[in-house]
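J.: My file is work_34.txt. It has compact mmCIF, C-alpha atoms:
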```txt
# COMPACT_ATOMS: atom_id res chain seq x y z
CA GLU A 122 77.38 74.82 33.35
CA TRP A 123 80.84 75.38 34.87
CA GLY A 124 82.02 77.03 31.65
CA ARG A 125 79.30 79.65 32.00
CA VAL A 126 80.22 80.26 35.66
CA ASP A 127 83.92 80.54 34.78
CA LYS A 128 83.08 83.09 32.07
CA GLN A 129 81.01 85.16 34.53
CA ILE A 130 83.92 85.15 36.99
CA ARG A 131 86.43 86.14 34.28
CA ASP A 132 84.13 88.93 33.05
CA ALA A 133 83.62 90.27 36.59
CA ALA A 134 87.38 90.18 37.24
CA ALA A 135 87.99 92.04 33.95
CA ARG A 136 85.56 94.74 35.10
CA GLY A 137 87.48 95.02 38.39
CA GLU A 138 84.59 93.88 40.57
CA PHE A 139 86.87 91.87 42.87
CA GLU A 140 89.38 94.64 43.53
CA GLN A 141 87.47 96.38 46.33
CA LEU A 142 86.57 93.31 48.37
CA ALA A 143 87.43 93.36 52.08
CA GLY A 144 90.59 91.43 52.81
CA VAL A 145 92.06 91.61 49.29
CA GLY A 146 95.78 90.96 49.46
CA LYS A 147 95.64 89.86 53.09
CA PRO A 148 96.20 86.32 54.36
CA LEU A 149 93.21 84.32 55.51
CA PRO A 150 92.65 84.72 59.26
CA ARG A 151 94.18 81.93 61.31
CA GLU A 152 92.19 80.22 63.97
CA VAL A 153 93.59 80.56 67.48
CA GLU A 154 93.32 76.84 68.08
CA SER A 155 96.02 74.70 66.56
CA THR A 156 93.70 71.74 65.94
CA TYR A 157 91.23 71.74 63.07
CA ASP A 158 87.63 72.30 64.10
CA GLU A 159 85.17 71.43 61.37
CA LEU A 160 82.57 73.76 62.91
CA TRP A 161 84.90 76.80 62.93
CA TRP A 162 82.68 78.67 60.49
CA VAL A 163 79.54 78.00 62.56
CA LYS A 164 81.25 79.31 65.71
CA ARG A 165 82.52 82.39 63.88
CA LYS A 166 79.06 83.13 62.43
CA MET A 167 77.44 82.71 65.86
CA ALA A 168 79.98 85.06 67.43
CA ARG A 169 79.46 87.61 64.65
CA GLU A 170 75.66 87.39 65.03
CA GLY A 171 75.85 87.61 68.83
CA PHE A 172 74.46 84.15 69.52
CA SER A 173 75.43 82.42 72.72
CA VAL A 174 77.21 79.10 72.54
CA LEU A 175 76.66 78.54 76.25
CA PRO A 176 74.21 75.94 77.55
CA PRO A 177 70.91 77.59 78.55
CA ALA A 178 71.62 77.47 82.30
CA LEU A 179 75.04 79.08 81.92
CA ALA A 180 73.66 81.71 79.55
CA LEU A 181 70.93 82.56 82.09
CA ARG A 182 73.50 82.65 84.92
CA LYS A 183 75.47 85.25 82.92
CA GLU A 184 72.27 87.15 82.10
CA ALA A 185 71.30 87.14 85.81
CA GLU A 186 74.68 88.52 86.85
CA ASP A 187 74.43 91.23 84.18
CA ALA A 188 70.87 92.04 85.31
CA LEU A 189 71.99 92.45 88.92
CA GLU A 190 74.73 94.88 87.86
CA ALA A 191 72.26 96.76 85.67
CA ALA A 192 69.77 96.93 88.55
CA LEU A 193 72.38 98.27 90.94
CA ALA A 194 73.33 100.95 88.39
CA ALA A 195 69.74 101.79 87.38
CA PRO A 196 68.62 105.44 87.42
CA SER A 197 65.39 104.78 89.35
CA GLU A 198 63.91 102.35 91.83
CA ARG A 199 61.14 101.56 89.34
CA ILE A 200 63.75 100.35 86.83
CA VAL A 201 65.55 98.33 89.54
CA ARG A 202 62.30 96.54 90.30
CA LYS A 203 61.50 96.02 86.60
CA ILE A 204 64.93 94.49 85.84
CA LEU A 205 64.75 92.17 88.86
CA THR A 206 61.15 91.11 88.19
CA GLU A 207 62.02 90.14 84.61
CA ILE A 208 65.17 88.17 85.50
CA ASN A 209 63.49 86.54 88.52
CA ALA A 210 60.75 85.21 86.23
CA LYS A 211 63.38 83.62 83.97
CA ILE A 212 65.28 82.16 86.94
CA SER A 213 62.08 80.76 88.48
CA GLU A 214 61.04 79.20 85.19
CA MET A 215 64.40 77.48 84.79
CA MET A 216 64.34 76.31 88.42
CA PHE A 217 61.05 74.48 87.82
CA LYS A 218 61.76 73.34 84.24
CA PRO A 219 65.52 72.78 84.13
CA PRO A 220 67.01 72.23 80.67
CA PRO A 221 69.66 69.59 80.05
CA GLY A 222 73.16 70.62 81.03
CA PRO A 223 74.74 72.01 84.18
CA PRO A 224 72.48 73.35 86.94
CA LEU A 225 71.70 77.05 86.99
CA GLY A 226 73.10 77.64 90.48
CA LYS A 227 70.97 80.78 90.92
CA LYS A 228 67.82 81.56 92.82
CA PRO A 229 65.58 84.59 92.30
CA TYR A 230 66.96 87.80 93.73
CA ASP A 231 65.47 89.33 96.86
CA VAL A 232 64.09 92.50 95.27
CA GLU A 233 63.90 94.42 98.55
CA ASP A 234 67.52 93.52 99.40
CA VAL A 235 68.77 94.67 95.98
CA VAL A 236 66.70 97.88 96.24
CA ARG A 237 68.33 98.51 99.64
CA GLN A 238 71.79 98.00 98.07
CA TRP A 239 70.80 100.31 95.21
CA ARG A 240 69.69 103.02 97.66
CA GLU A 241 72.95 102.68 99.63
CA ARG A 242 75.03 103.05 96.45
CA ARG A 243 73.07 106.13 95.40
CA ALA A 244 73.42 107.67 98.85
CA ALA A 245 77.16 107.01 98.82
CA ALA A 246 77.38 108.69 95.41
CA GLY A 247 75.41 111.71 96.69
CA ARG A 248 72.35 111.12 94.47
CA SER A 249 68.78 111.38 95.67
CA ASP A 250 66.28 108.55 95.68
CA ALA A 251 64.09 108.43 92.56
```
Will you turn the file into structure tokens for me?

T.:
Amino acid sequence: EWGRVDKQIRDAAARGEFEQLAGVGKPLPREVESTYDELWWVKRKMAREGFSVLPPALALRKEAEDALEAALAAPSERIVRKILTEINAKISEMMFKPPPGPPLGKKPYDVEDVVRQWRERRAAAGRSDA
């Protein structure tokens, strides 16, 4: 079996199929950490695929902070309310069914308060209410 695989590799190399591979002639990337981590490839794949390695509560805390910023920068009051309603539902769900790990440390946003902040920012920027 290995003889057949070796022959396929030799034949492909003879045809030049390995010459255009990304990273040819470059050293393997070094990990930032000095200690060996046997899950390095899992972490790299998750980062490349955009998966979070944070516990659910911390991931939602980050999502909530991003949602608040998005709401405050939204182009219309309708979108502000939509963003806050969606994130508030997630926050409320986690408050009543907490996952294992650190506590969320967030409570649902006061939609009217955030809308007021949004209006003030728009007024300060000279934009009309939408």

J.: Find the residues around range 167-179 of chain A up to 7 Å (all atoms listed in the file counted), leave out those fewer than 3 positions away in its own chain, and share them as a list in words.

T.: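 The filter keeps Val163, Lys164, Arg182, Lys183, Pro220, Gly222, Pro223, Pro224 and Leu225 of chain A.
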
J.: Name the residues, using the chain letters and numbers of the file, that sit within 12 Å of (66.2, 92.4, 98.5) when counting only C-alpha atoms, and give them as an mmCIF file with C-alpha atoms, in the frame of the given file.

T.:
```cif
data_model
loop_
_atom_site.group_PDB
_atom_site.id
_atom_site.type_symbol
_atom_site.label_atom_id
_atom_site.label_comp_id
_atom_site.auth_asym_id
_atom_site.auth_seq_id
_atom_site.Cartn_x
_atom_site.Cartn_y
_atom_site.Cartn_z
ATOM 1 C CA LEU A 189 71.990 92.450 88.920
ATOM 2 C CA ALA A 192 69.770 96.930 88.550
ATOM 3 C CA LEU A 193 72.380 98.270 90.940
ATOM 4 C CA VAL A 201 65.550 98.330 89.540
ATOM 5 C CA ARG A 202 62.300 96.540 90.300
ATOM 6 C CA LEU A 205 64.750 92.170 88.860
ATOM 7 C CA THR A 206 61.150 91.110 88.190
ATOM 8 C CA ASN A 209 63.490 86.540 88.520
ATOM 9 C CA PRO A 229 65.580 84.590 92.300
ATOM 10 C CA TYR A 230 66.960 87.800 93.730
ATOM 11 C CA ASP A 231 65.470 89.330 96.860
ATOM 12 C CA VAL A 232 64.090 92.500 95.270
ATOM 13 C CA GLU A 233 63.900 94.420 98.550
ATOM 14 C CA ASP A 234 67.520 93.520 99.400
ATOM 15 C CA VAL A 235 68.770 94.670 95.980
ATOM 16 C CA VAL A 236 66.700 97.880 96.240
ATOM 17 C CA ARG A 237 68.330 98.510 99.640
ATOM 18 C CA GLN A 238 71.790 98.000 98.070
ATOM 19 C CA TRP A 239 70.800 100.310 95.210
ATOM 20 C CA ARG A 240 69.690 103.020 97.660
#
```

J.: I'd like to know which of A:Lys166, A:Arg125, A:Lys203, A:Lys211 is closest to Ala185 in chain A, using only C-alpha atoms.

T.: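 Among A:Lys166, A:Arg125, A:Lys203, A:Lys211, it is A:Lys211 that comes nearest to Ala185 in chain A.
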
J.: Quick one, how far is CA of Pro196 in chain A from CA of Met215 in chain A?

T.: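 We find that CA of Pro196 in chain A and CA of Met215 in chain A lie 28.4 Å from each other.
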
J.: Which value, in Å to one decimal, gives the distance between CA of Ala134 in chain A and CA of Trp162 in chain A?

T.: 26.4 Å
